[in-house]
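Raw contents of target.txt, compact mmCIF, C-alpha atoms:
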```txt
# COMPACT_ATOMS: atom_id res chain seq x y z
CA MET X 25 124.90 -12.63 -21.29
CA ILE X 26 121.65 -14.50 -21.81
CA LEU X 27 118.42 -12.79 -20.74
CA ARG X 28 115.97 -15.31 -19.32
CA ALA X 29 112.33 -15.16 -18.27
CA LYS X 30 111.62 -17.89 -15.75
CA ASN X 31 108.01 -18.84 -14.99
CA LEU X 32 106.69 -15.26 -15.11
CA SER X 33 103.09 -14.84 -14.00
CA LEU X 34 101.08 -11.68 -13.52
CA ALA X 35 97.36 -11.90 -12.87
CA GLY X 36 95.39 -11.57 -16.08
CA ARG X 37 98.46 -10.77 -18.17
CA LEU X 38 101.14 -13.49 -18.05
CA ASP X 39 100.77 -17.15 -17.20
CA GLY X 40 103.97 -19.07 -16.46
CA VAL X 41 106.04 -17.53 -19.26
CA SER X 42 109.52 -18.97 -19.66
CA ALA X 43 111.77 -17.94 -22.54
CA VAL X 44 115.46 -17.56 -23.31
CA PHE X 45 116.78 -14.54 -25.20
CA GLU X 46 120.29 -14.82 -26.59
CA PRO X 47 122.68 -11.97 -27.43
CA GLY X 48 123.70 -11.55 -31.03
CA ARG X 49 120.27 -12.18 -32.48
CA ILE X 50 116.94 -10.45 -33.06
CA THR X 51 114.07 -12.02 -31.14
CA ALA X 52 110.50 -11.03 -31.93
CA ILE X 53 107.62 -11.37 -29.47
CA CYS X 54 104.36 -11.87 -31.36
CA GLY X 55 100.78 -12.62 -30.48
CA PRO X 56 97.22 -11.28 -30.77
CA ASN X 57 96.05 -8.14 -29.02
CA GLY X 58 95.95 -8.57 -25.26
CA ALA X 59 98.25 -11.62 -25.21
CA GLY X 60 100.77 -9.91 -22.90
CA LYS X 61 103.51 -8.95 -25.35
CA SER X 62 104.14 -5.48 -23.92
CA THR X 63 103.81 -6.84 -20.39
CA LEU X 64 106.49 -9.44 -21.07
CA LEU X 65 108.80 -6.81 -22.55
CA SER X 66 108.26 -4.56 -19.51
CA ALA X 67 109.09 -7.47 -17.22
CA LEU X 68 112.28 -8.15 -19.18
CA ALA X 69 113.25 -4.52 -18.56
CA ALA X 70 112.41 -4.83 -14.84
CA LEU X 71 109.80 -2.09 -15.19
CA ILE X 72 107.09 -4.24 -13.63
CA THR X 73 107.28 -6.88 -10.92
CA PRO X 74 105.61 -10.21 -11.68
CA ASP X 75 103.48 -11.97 -9.10
CA SER X 76 105.81 -14.95 -9.41
CA GLY X 77 108.88 -15.96 -11.37
CA GLU X 78 111.93 -13.86 -12.19
CA VAL X 79 114.06 -12.40 -14.97
CA LEU X 80 117.75 -13.26 -15.00
CA LEU X 81 120.62 -11.56 -16.80
CA GLY X 82 123.24 -14.27 -16.84
CA GLU X 83 122.85 -15.75 -13.38
CA THR X 84 121.82 -12.48 -11.70
CA PRO X 85 118.16 -11.64 -11.03
CA LEU X 86 117.38 -8.25 -12.53
CA ALA X 87 115.51 -7.31 -9.37
CA ALA X 88 118.76 -7.63 -7.41
CA MET X 89 120.82 -5.54 -9.81
CA PRO X 90 121.61 -1.89 -8.90
CA PRO X 91 119.35 0.40 -10.97
CA GLN X 92 122.21 2.29 -12.61
CA LEU X 93 123.91 -0.92 -13.73
CA ARG X 94 120.60 -2.28 -14.97
CA ALA X 95 120.04 0.89 -17.00
CA GLN X 96 123.47 0.47 -18.58
CA LYS X 97 122.74 -3.13 -19.52
CA ILE X 98 119.18 -2.77 -20.80
CA GLY X 99 117.76 -0.09 -23.07
CA TYR X 100 113.97 0.07 -23.32
CA LEU X 101 111.83 1.79 -25.93
CA PRO X 102 108.08 2.02 -25.09
CA GLN X 103 105.33 2.09 -27.70
CA ASN X 104 104.58 5.78 -27.42
CA GLY X 105 107.59 7.75 -26.30
CA GLU X 106 106.90 11.17 -24.82
CA ALA X 107 109.28 13.95 -23.88
CA ALA X 108 108.61 15.75 -20.60
CA TRP X 109 110.16 18.92 -22.05
CA ASP X 110 110.20 20.20 -25.60
CA VAL X 111 113.96 19.86 -25.99
CA ALA X 112 116.01 19.78 -29.17
CA VAL X 113 116.48 16.38 -30.76
CA ARG X 114 120.19 16.32 -29.96
CA SER X 115 119.44 16.98 -26.28
CA LEU X 116 116.81 14.24 -26.25
CA VAL X 117 119.24 11.71 -27.74
CA ALA X 118 121.92 12.75 -25.24
CA LEU X 119 119.62 11.67 -22.41
CA GLY X 120 120.51 8.13 -23.40
CA ARG X 121 123.88 8.68 -21.73
CA MET X 122 122.33 9.32 -18.29
CA PRO X 123 123.11 5.83 -16.91
CA TYR X 124 126.79 6.61 -17.47
CA ARG X 125 126.58 10.19 -16.21
CA ASP X 126 128.52 11.46 -19.20
CA GLU X 127 127.65 13.23 -22.44
CA ALA X 128 129.83 11.23 -24.88
CA PRO X 129 129.00 13.50 -27.86
CA GLY X 130 130.56 11.02 -30.28
CA MET X 131 128.10 8.31 -29.27
CA VAL X 132 125.20 10.74 -29.44
CA GLU X 133 126.21 11.79 -32.95
CA GLN X 134 126.67 8.16 -33.97
CA ALA X 135 123.15 7.30 -32.83
CA MET X 136 121.71 10.27 -34.71
CA ILE X 137 123.51 9.31 -37.90
CA ALA X 138 122.28 5.72 -37.59
CA LEU X 139 118.66 6.94 -37.47
CA ASP X 140 119.11 9.67 -40.10
CA LEU X 141 118.41 12.51 -37.68
CA GLN X 142 121.23 14.96 -38.42
CA ALA X 143 118.91 17.40 -40.20
CA PHE X 144 116.66 17.56 -37.11
CA ALA X 145 119.40 17.92 -34.48
CA ASP X 146 118.47 21.44 -33.40
CA ARG X 147 114.72 21.21 -33.90
CA PRO X 148 112.38 20.91 -30.91
CA ILE X 149 111.02 17.39 -30.59
CA SER X 150 107.45 18.73 -30.84
CA THR X 151 108.02 19.82 -34.44
CA LEU X 152 108.77 16.30 -35.69
CA SER X 153 106.32 13.94 -37.33
CA GLY X 154 105.29 10.73 -35.59
CA GLY X 155 107.82 8.67 -37.52
CA GLU X 156 110.61 11.19 -36.90
CA LYS X 157 109.85 11.19 -33.18
CA ALA X 158 109.96 7.39 -33.14
CA ARG X 159 113.45 7.48 -34.65
CA ALA X 160 114.59 10.13 -32.16
CA PHE X 161 113.44 8.09 -29.16
CA LEU X 162 115.17 5.01 -30.52
CA ALA X 163 118.35 7.03 -31.05
CA ARG X 164 118.19 8.00 -27.36
CA VAL X 165 118.27 4.30 -26.44
CA LEU X 166 121.08 3.54 -28.90
CA ALA X 167 123.21 6.37 -27.52
CA GLY X 168 123.51 4.40 -24.29
CA GLN X 169 124.93 1.40 -26.19
CA PRO X 170 123.05 -1.13 -24.04
CA GLU X 171 123.85 -4.82 -24.12
CA TRP X 172 120.13 -5.44 -24.57
CA LEU X 173 117.77 -3.35 -26.67
CA LEU X 174 114.09 -3.95 -25.91
CA ALA X 175 111.65 -2.15 -28.19
CA ASP X 176 107.85 -2.24 -28.13
CA GLU X 177 106.45 -1.88 -31.67
CA PRO X 178 109.36 0.28 -32.90
CA LEU X 179 108.20 0.09 -36.53
CA ALA X 180 104.57 1.08 -36.01
CA ALA X 181 104.95 4.79 -36.83
CA LEU X 182 107.49 4.40 -39.63
CA ASP X 183 106.98 4.33 -43.37
CA LEU X 184 108.27 1.35 -45.35
CA GLY X 185 111.62 2.90 -46.18
CA HIS X 186 112.40 3.83 -42.60
CA GLN X 187 111.14 0.45 -41.38
CA LEU X 188 113.70 -1.30 -43.54
CA THR X 189 116.43 1.16 -42.58
CA LEU X 190 115.70 0.62 -38.90
CA LEU X 191 115.63 -3.16 -39.29
CA ARG X 192 119.00 -3.06 -41.03
CA HIS X 193 120.39 -1.01 -38.17
CA LEU X 194 118.96 -3.37 -35.57
CA ARG X 195 120.62 -6.21 -37.48
CA ARG X 196 123.94 -4.41 -37.17
CA VAL X 197 123.32 -3.93 -33.44
CA ALA X 198 122.75 -7.68 -33.07
CA GLU X 199 125.77 -8.54 -35.21
CA GLY X 200 127.82 -6.34 -32.86
CA GLY X 201 126.93 -8.72 -30.03
CA ALA X 202 123.94 -7.03 -28.38
CA GLY X 203 120.62 -8.73 -27.88
CA VAL X 204 117.60 -7.20 -29.62
CA VAL X 205 114.04 -8.03 -28.54
CA LEU X 206 111.15 -6.52 -30.47
CA VAL X 207 107.40 -6.67 -29.98
CA LEU X 208 105.96 -6.95 -33.50
CA HIS X 209 102.42 -7.21 -34.83
CA ASP X 210 103.47 -7.63 -38.45
CA LEU X 211 104.04 -11.36 -38.84
CA ALA X 212 105.75 -10.97 -42.22
CA LEU X 213 108.34 -8.62 -40.72
CA ALA X 214 108.89 -11.07 -37.89
CA MET X 215 109.23 -14.00 -40.30
CA ASN X 216 111.67 -12.19 -42.58
CA HIS X 217 113.83 -10.29 -40.09
CA ALA X 218 113.85 -12.11 -36.74
CA ASP X 219 116.20 -14.95 -35.84
CA TYR X 220 113.94 -16.33 -33.13
CA LEU X 221 110.29 -15.97 -32.15
CA VAL X 222 108.33 -16.16 -28.92
CA VAL X 223 104.60 -16.40 -29.65
CA LEU X 224 102.11 -15.61 -26.88
CA SER X 225 98.50 -16.69 -27.00
CA ASP X 226 95.45 -15.29 -25.22
CA GLY X 227 95.96 -15.45 -21.47
CA GLY X 228 99.66 -14.67 -21.67
CA ARG X 229 100.91 -18.18 -22.31
CA VAL X 230 103.75 -19.24 -24.60
CA ALA X 231 102.14 -20.93 -27.60
CA ALA X 232 105.35 -21.48 -29.57
CA SER X 233 109.00 -20.51 -29.67
CA GLY X 234 111.84 -21.21 -32.04
CA LYS X 235 113.00 -20.20 -35.49
CA PRO X 236 110.47 -18.13 -37.43
CA GLU X 237 109.48 -20.90 -39.82
CA VAL X 238 108.65 -23.10 -36.81
CA ALA X 239 107.07 -20.60 -34.42
CA LEU X 240 105.04 -18.92 -37.19
CA SER X 241 103.94 -22.00 -39.06
CA GLU X 242 100.54 -21.90 -40.70
CA GLU X 243 99.26 -24.26 -38.01
CA ILE X 244 100.47 -21.99 -35.18
CA ILE X 245 98.84 -19.00 -36.88
CA ARG X 246 95.60 -20.97 -37.12
CA GLN X 247 95.73 -21.91 -33.44
CA VAL X 248 96.80 -18.54 -32.02
CA TRP X 249 95.21 -15.98 -34.34
CA ALA X 250 92.29 -18.14 -35.55
CA VAL X 251 93.16 -17.23 -39.12
CA GLU X 252 93.63 -19.52 -42.10
CA ALA X 253 96.75 -18.21 -43.81
CA GLN X 254 99.47 -19.28 -46.19
CA TRP X 255 103.10 -18.21 -46.53
CA ILE X 256 104.28 -17.50 -50.07
CA GLY X 257 107.65 -16.43 -51.43
CA LYS X 258 111.24 -17.30 -50.68
CA PRO X 259 112.91 -17.28 -47.23
CA GLY X 260 113.70 -13.71 -46.23
CA ALA X 261 111.03 -12.31 -48.53
CA ARG X 262 107.87 -14.11 -47.50
CA ALA X 263 104.37 -12.70 -47.51
CA LEU X 264 101.37 -13.94 -45.55
CA ILE X 265 98.13 -14.41 -47.44
CA ALA X 266 94.90 -14.85 -45.49
CA ARG X 267 92.54 -17.43 -46.96
```
As structure tokens:
Amino acid sequence: MILRAKNLSLAGRLDGVSAVFEPGRITAICGPNGAGKSTLLSALAALITPDSGEVLLGETPLAAMPPQLRAQKIGYLPQNGEAAWDVAVRSLVALGRMPYRDEAPGMVEQAMIALDLQAFADRPISTLSGGEKARAFLARVLAGQPEWLLADEPLAALDLGHQLTLLRHLRRVAEGGAGVVLVLHDLALAMNHADYLVVLSDGGRVAASGKPEVALSEEIIRQVWAVEAQWIGKPGARALIAR
């Protein structure tokens, strides 16, 4: 089902944001600091209530959906995940099954394998590095097998190798029919790995949307980020050079 933001406004953070997110593809939300990227993602997960507008899943407003059903449909990964208790990694990942009220060990193991966490399964979460923790929290979301995976800067704490591994896994999630929405600061990663872009400008307004080569054109970058830049390289392996 399509996830749709319809005229979302929140004082000082979003200004009439409308966007359509389709299943089966990776959508990146980009924009300068303070443009409302994380706020939009939180609204898409029904974690905040806008002053006006609504978020629809199919034809159903998220606000009208029972919380348990909503948690089954939408998995959300915040920027800085924290564990309330210092549990083992396997136990943390298993919390992703809470919306279904089952343990489903096979799905938990599958999520851990996908994020290369088997060696850490019995270690307390506090003993992991920042990048390892980021993978564990994402595995928790994946264990719930949501129809929509919303992640706020999921690559920020990862080294290059794990960034690429995670992006490949997110591609497989999208190819399996789920929708993936990522907040990304790295414009090259968005250009090379997203299928669709929503670009927010200062004030929380949509400055551009569409395929990466359209929404992240050099002109859009000039207008939104106030940077003169040039794309070099072939599609799928482009780099952004500031001038």
List every residue of region 97-173 of chain X that has an atom at most 6 Å from any atom of region 184-205 of chain X, giving for each one its closest atom pair and the distance in Å to one decimal, counting all atoms listed in the file, sorted by chain and then by ascending residue number, as a Markdown table.
```
| residue | atom | partner | partner_atom | distance |
| --- | --- | --- | --- | --- |
| X:Glu171 | CA | X:Ala202 | CA | 4.8 |
| X:Trp172 | CA | X:Gly203 | CA | 4.7 |
| X:Leu173 | CA | X:Val204 | CA | 4.9 |
```
Using all atoms listed in the file: which of X:Ser225, X:Ala43, X:Ser153, X:Asn57 has the shortest distance to Ile244 (chain X): X:Ser225
Please list, as a list in words, the residues that have an atom at most 6 Å away from (101.2, -6.7, -10.5) in the coordinates of this file, counting all atoms listed in the file. Leu34, Pro74 and Asp75 of chain X
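Using all atoms listed in the file for every distance, the candidate list X:Leu80, X:Tyr220, X:Ala87, X:Leu166 yields X:Tyr220 as the residue closest to Ala232 (chain X).
Coordinates place CA of Ala128 (chain X) at a distance of 17.5 Å from CA of Asp146 (chain X).
We find CA of Gly155 (chain X) and CA of Glu177 (chain X) to be spaced 12.1 Å apart.
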A straight line from CA of Met89 (chain X) to CA of Glu127 (chain X) spans 23.6 Å
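Of the listed residues (X:Gly58, X:Pro259, X:Gly234, X:Gly48), X:Gly58 comes nearest to Gly36 (chain X); the distances count only C-alpha atoms.
Distances to Ile98 (chain X) were evaluated for X:Gly60, X:Glu237, X:Leu27, X:Ile245 using only C-alpha atoms, and the minimum falls at X:Leu27.
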If we count only C-alpha atoms and set the cut-off at 8 Å, which residues sit around Ala163 (chain X), ignoring sequence neighbours fewer than 5 positions away in its own chain? Please answer as number ranges by chain. X: 117, 132, 135-136, 138-139
Enclosing box along x, y and z for every listed atom of region 155-163 of chain X, padded 3 Å each side, centre and size in Å, one decimal, as JSON:
```
{"center_x": 113.1, "center_y": 8.1, "center_z": -33.3, "size_x": 16.5, "size_y": 12.2, "size_z": 14.4}
```
Counting all atoms listed in the file, the option among X:Asn31, X:Ser42, X:Gln92, X:Thr73 closest to Pro170 (chain X): X:Gln92
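Compared by their closest atoms to Leu211 (chain X), and using all atoms listed in the file, the residues X:Pro148, X:Pro236, X:Gly130, X:Gly82 rank with X:Pro236 nearest.
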Val165 (chain X) surroundings by all atoms listed in the file, 7 Å radius, close-in-sequence under 5 positions cut, as a PDB file with C-alpha atoms, keeping the file's coordinate frame:
```pdb
ATOM      1  CA  GLY X  99     117.760  -0.090 -23.070  1.00  0.00           C
ATOM      2  CA  TYR X 100     113.970   0.070 -23.320  1.00  0.00           C
ATOM      3  CA  LEU X 101     111.830   1.790 -25.930  1.00  0.00           C
ATOM      4  CA  GLY X 120     120.510   8.130 -23.400  1.00  0.00           C
TER       5      GLY X 120
END
```
Can you find the residues with an atom no farther than 12 Å from (100.7, -10.2, -26.2), counting only C-alpha atoms, and report them as a PyMOL selection string? chain X and resi 36-39+41+52-66+176-177+206-209+222-231+248-249
Save N, CA and C atoms of region 181-216 of chain X from the block above as a PDB file, in the first residue's frame.
```pdb
ATOM      1  N   ALA X 181      26.570   5.835  11.535  1.00  0.00           N
ATOM      2  CA  ALA X 181      27.576   5.278  12.447  1.00  0.00           C
ATOM      3  C   ALA X 181      28.317   4.092  11.843  1.00  0.00           C
ATOM      4  N   LEU X 182      28.118   3.835  10.561  1.00  0.00           N
ATOM      5  CA  LEU X 182      28.699   2.651   9.941  1.00  0.00           C
ATOM      6  C   LEU X 182      29.918   2.996   9.100  1.00  0.00           C
ATOM      7  N   ASP X 183      30.892   2.077   9.065  1.00  0.00           N
ATOM      8  CA  ASP X 183      32.014   2.255   8.163  1.00  0.00           C
ATOM      9  C   ASP X 183      31.567   1.949   6.735  1.00  0.00           C
ATOM     10  N   LEU X 184      32.429   2.218   5.769  1.00  0.00           N
ATOM     11  CA  LEU X 184      32.055   2.104   4.363  1.00  0.00           C
ATOM     12  C   LEU X 184      31.581   0.702   4.005  1.00  0.00           C
ATOM     13  N   GLY X 185      32.277  -0.304   4.490  1.00  0.00           N
ATOM     14  CA  GLY X 185      31.890  -1.677   4.165  1.00  0.00           C
ATOM     15  C   GLY X 185      30.504  -2.016   4.667  1.00  0.00           C
ATOM     16  N   HIS X 186      30.226  -1.642   5.919  1.00  0.00           N
ATOM     17  CA  HIS X 186      28.908  -1.952   6.476  1.00  0.00           C
ATOM     18  C   HIS X 186      27.823  -1.046   5.885  1.00  0.00           C
ATOM     19  N   GLN X 187      28.190   0.161   5.463  1.00  0.00           N
ATOM     20  CA  GLN X 187      27.218   0.988   4.747  1.00  0.00           C
ATOM     21  C   GLN X 187      26.726   0.284   3.490  1.00  0.00           C
ATOM     22  N   LEU X 188      27.677  -0.221   2.708  1.00  0.00           N
ATOM     23  CA  LEU X 188      27.316  -0.875   1.453  1.00  0.00           C
ATOM     24  C   LEU X 188      26.552  -2.172   1.704  1.00  0.00           C
ATOM     25  N   THR X 189      26.966  -2.907   2.738  1.00  0.00           N
ATOM     26  CA  THR X 189      26.243  -4.140   3.081  1.00  0.00           C
ATOM     27  C   THR X 189      24.806  -3.826   3.467  1.00  0.00           C
ATOM     28  N   LEU X 190      24.630  -2.786   4.277  1.00  0.00           N
ATOM     29  CA  LEU X 190      23.291  -2.411   4.713  1.00  0.00           C
ATOM     30  C   LEU X 190      22.454  -1.937   3.526  1.00  0.00           C
ATOM     31  N   LEU X 191      23.033  -1.142   2.649  1.00  0.00           N
ATOM     32  CA  LEU X 191      22.290  -0.664   1.485  1.00  0.00           C
ATOM     33  C   LEU X 191      21.872  -1.829   0.585  1.00  0.00           C
ATOM     34  N   ARG X 192      22.736  -2.808   0.446  1.00  0.00           N
ATOM     35  CA  ARG X 192      22.364  -3.992  -0.354  1.00  0.00           C
ATOM     36  C   ARG X 192      21.203  -4.726   0.299  1.00  0.00           C
ATOM     37  N   HIS X 193      21.229  -4.805   1.637  1.00  0.00           N
ATOM     38  CA  HIS X 193      20.120  -5.481   2.316  1.00  0.00           C
ATOM     39  C   HIS X 193      18.829  -4.682   2.178  1.00  0.00           C
ATOM     40  N   LEU X 194      18.915  -3.380   2.313  1.00  0.00           N
ATOM     41  CA  LEU X 194      17.717  -2.555   2.147  1.00  0.00           C
ATOM     42  C   LEU X 194      17.168  -2.680   0.731  1.00  0.00           C
ATOM     43  N   ARG X 195      18.054  -2.834  -0.245  1.00  0.00           N
ATOM     44  CA  ARG X 195      17.594  -3.073  -1.611  1.00  0.00           C
ATOM     45  C   ARG X 195      16.816  -4.377  -1.699  1.00  0.00           C
ATOM     46  N   ARG X 196      17.310  -5.407  -1.019  1.00  0.00           N
ATOM     47  CA  ARG X 196      16.583  -6.689  -1.028  1.00  0.00           C
ATOM     48  C   ARG X 196      15.230  -6.548  -0.337  1.00  0.00           C
ATOM     49  N   VAL X 197      15.176  -5.752   0.734  1.00  0.00           N
ATOM     50  CA  VAL X 197      13.901  -5.516   1.421  1.00  0.00           C
ATOM     51  C   VAL X 197      12.909  -4.865   0.456  1.00  0.00           C
ATOM     52  N   ALA X 198      13.373  -3.867  -0.293  1.00  0.00           N
ATOM     53  CA  ALA X 198      12.499  -3.194  -1.251  1.00  0.00           C
ATOM     54  C   ALA X 198      12.094  -4.134  -2.381  1.00  0.00           C
ATOM     55  N   GLU X 199      13.016  -4.918  -2.872  1.00  0.00           N
ATOM     56  CA  GLU X 199      12.702  -5.860  -3.944  1.00  0.00           C
ATOM     57  C   GLU X 199      11.707  -6.916  -3.485  1.00  0.00           C
ATOM     58  N   GLY X 200      11.653  -7.162  -2.164  1.00  0.00           N
ATOM     59  CA  GLY X 200      10.672  -8.095  -1.622  1.00  0.00           C
ATOM     60  C   GLY X 200       9.284  -7.481  -1.500  1.00  0.00           C
ATOM     61  N   GLY X 201       9.146  -6.202  -1.836  1.00  0.00           N
ATOM     62  CA  GLY X 201       7.830  -5.571  -1.855  1.00  0.00           C
ATOM     63  C   GLY X 201       7.589  -4.550  -0.773  1.00  0.00           C
ATOM     64  N   ALA X 202       8.491  -4.427   0.201  1.00  0.00           N
ATOM     65  CA  ALA X 202       8.314  -3.438   1.266  1.00  0.00           C
ATOM     66  C   ALA X 202       8.733  -2.058   0.772  1.00  0.00           C
ATOM     67  N   GLY X 203       8.243  -1.040   1.438  1.00  0.00           N
ATOM     68  CA  GLY X 203       8.696   0.312   1.165  1.00  0.00           C
ATOM     69  C   GLY X 203       9.798   0.686   2.128  1.00  0.00           C
ATOM     70  N   VAL X 204      10.836   1.345   1.635  1.00  0.00           N
ATOM     71  CA  VAL X 204      11.962   1.769   2.461  1.00  0.00           C
ATOM     72  C   VAL X 204      12.115   3.281   2.316  1.00  0.00           C
ATOM     73  N   VAL X 205      12.090   3.982   3.436  1.00  0.00           N
ATOM     74  CA  VAL X 205      12.260   5.440   3.435  1.00  0.00           C
ATOM     75  C   VAL X 205      13.422   5.769   4.367  1.00  0.00           C
ATOM     76  N   LEU X 206      14.431   6.449   3.827  1.00  0.00           N
ATOM     77  CA  LEU X 206      15.631   6.756   4.580  1.00  0.00           C
ATOM     78  C   LEU X 206      15.861   8.265   4.621  1.00  0.00           C
ATOM     79  N   VAL X 207      16.203   8.785   5.779  1.00  0.00           N
ATOM     80  CA  VAL X 207      16.748  10.137   5.860  1.00  0.00           C
ATOM     81  C   VAL X 207      18.248  10.017   5.635  1.00  0.00           C
ATOM     82  N   LEU X 208      18.762  10.749   4.645  1.00  0.00           N
ATOM     83  CA  LEU X 208      20.180  10.684   4.314  1.00  0.00           C
ATOM     84  C   LEU X 208      20.757  12.085   4.187  1.00  0.00           C
ATOM     85  N   HIS X 209      21.949  12.282   4.737  1.00  0.00           N
ATOM     86  CA  HIS X 209      22.689  13.525   4.532  1.00  0.00           C
ATOM     87  C   HIS X 209      23.645  13.399   3.350  1.00  0.00           C
ATOM     88  N   ASP X 210      24.134  12.208   3.107  1.00  0.00           N
ATOM     89  CA  ASP X 210      25.120  11.984   2.052  1.00  0.00           C
ATOM     90  C   ASP X 210      24.414  11.976   0.702  1.00  0.00           C
ATOM     91  N   LEU X 211      24.595  13.032  -0.073  1.00  0.00           N
ATOM     92  CA  LEU X 211      23.876  13.157  -1.335  1.00  0.00           C
ATOM     93  C   LEU X 211      24.356  12.140  -2.367  1.00  0.00           C
ATOM     94  N   ALA X 212      25.615  11.750  -2.307  1.00  0.00           N
ATOM     95  CA  ALA X 212      26.107  10.746  -3.241  1.00  0.00           C
ATOM     96  C   ALA X 212      25.457   9.391  -2.975  1.00  0.00           C
ATOM     97  N   LEU X 213      25.299   9.035  -1.711  1.00  0.00           N
ATOM     98  CA  LEU X 213      24.613   7.781  -1.392  1.00  0.00           C
ATOM     99  C   LEU X 213      23.167   7.837  -1.861  1.00  0.00           C
ATOM    100  N   ALA X 214      22.520   8.971  -1.665  1.00  0.00           N
ATOM    101  CA  ALA X 214      21.140   9.110  -2.125  1.00  0.00           C
ATOM    102  C   ALA X 214      21.066   9.009  -3.649  1.00  0.00           C
ATOM    103  N   MET X 215      21.957   9.671  -4.346  1.00  0.00           N
ATOM    104  CA  MET X 215      21.966   9.644  -5.803  1.00  0.00           C
ATOM    105  C   MET X 215      22.181   8.229  -6.336  1.00  0.00           C
ATOM    106  N   ASN X 216      23.091   7.488  -5.706  1.00  0.00           N
ATOM    107  CA  ASN X 216      23.483   6.181  -6.240  1.00  0.00           C
ATOM    108  C   ASN X 216      22.614   5.026  -5.788  1.00  0.00           C
TER     109      ASN X 216
END
```
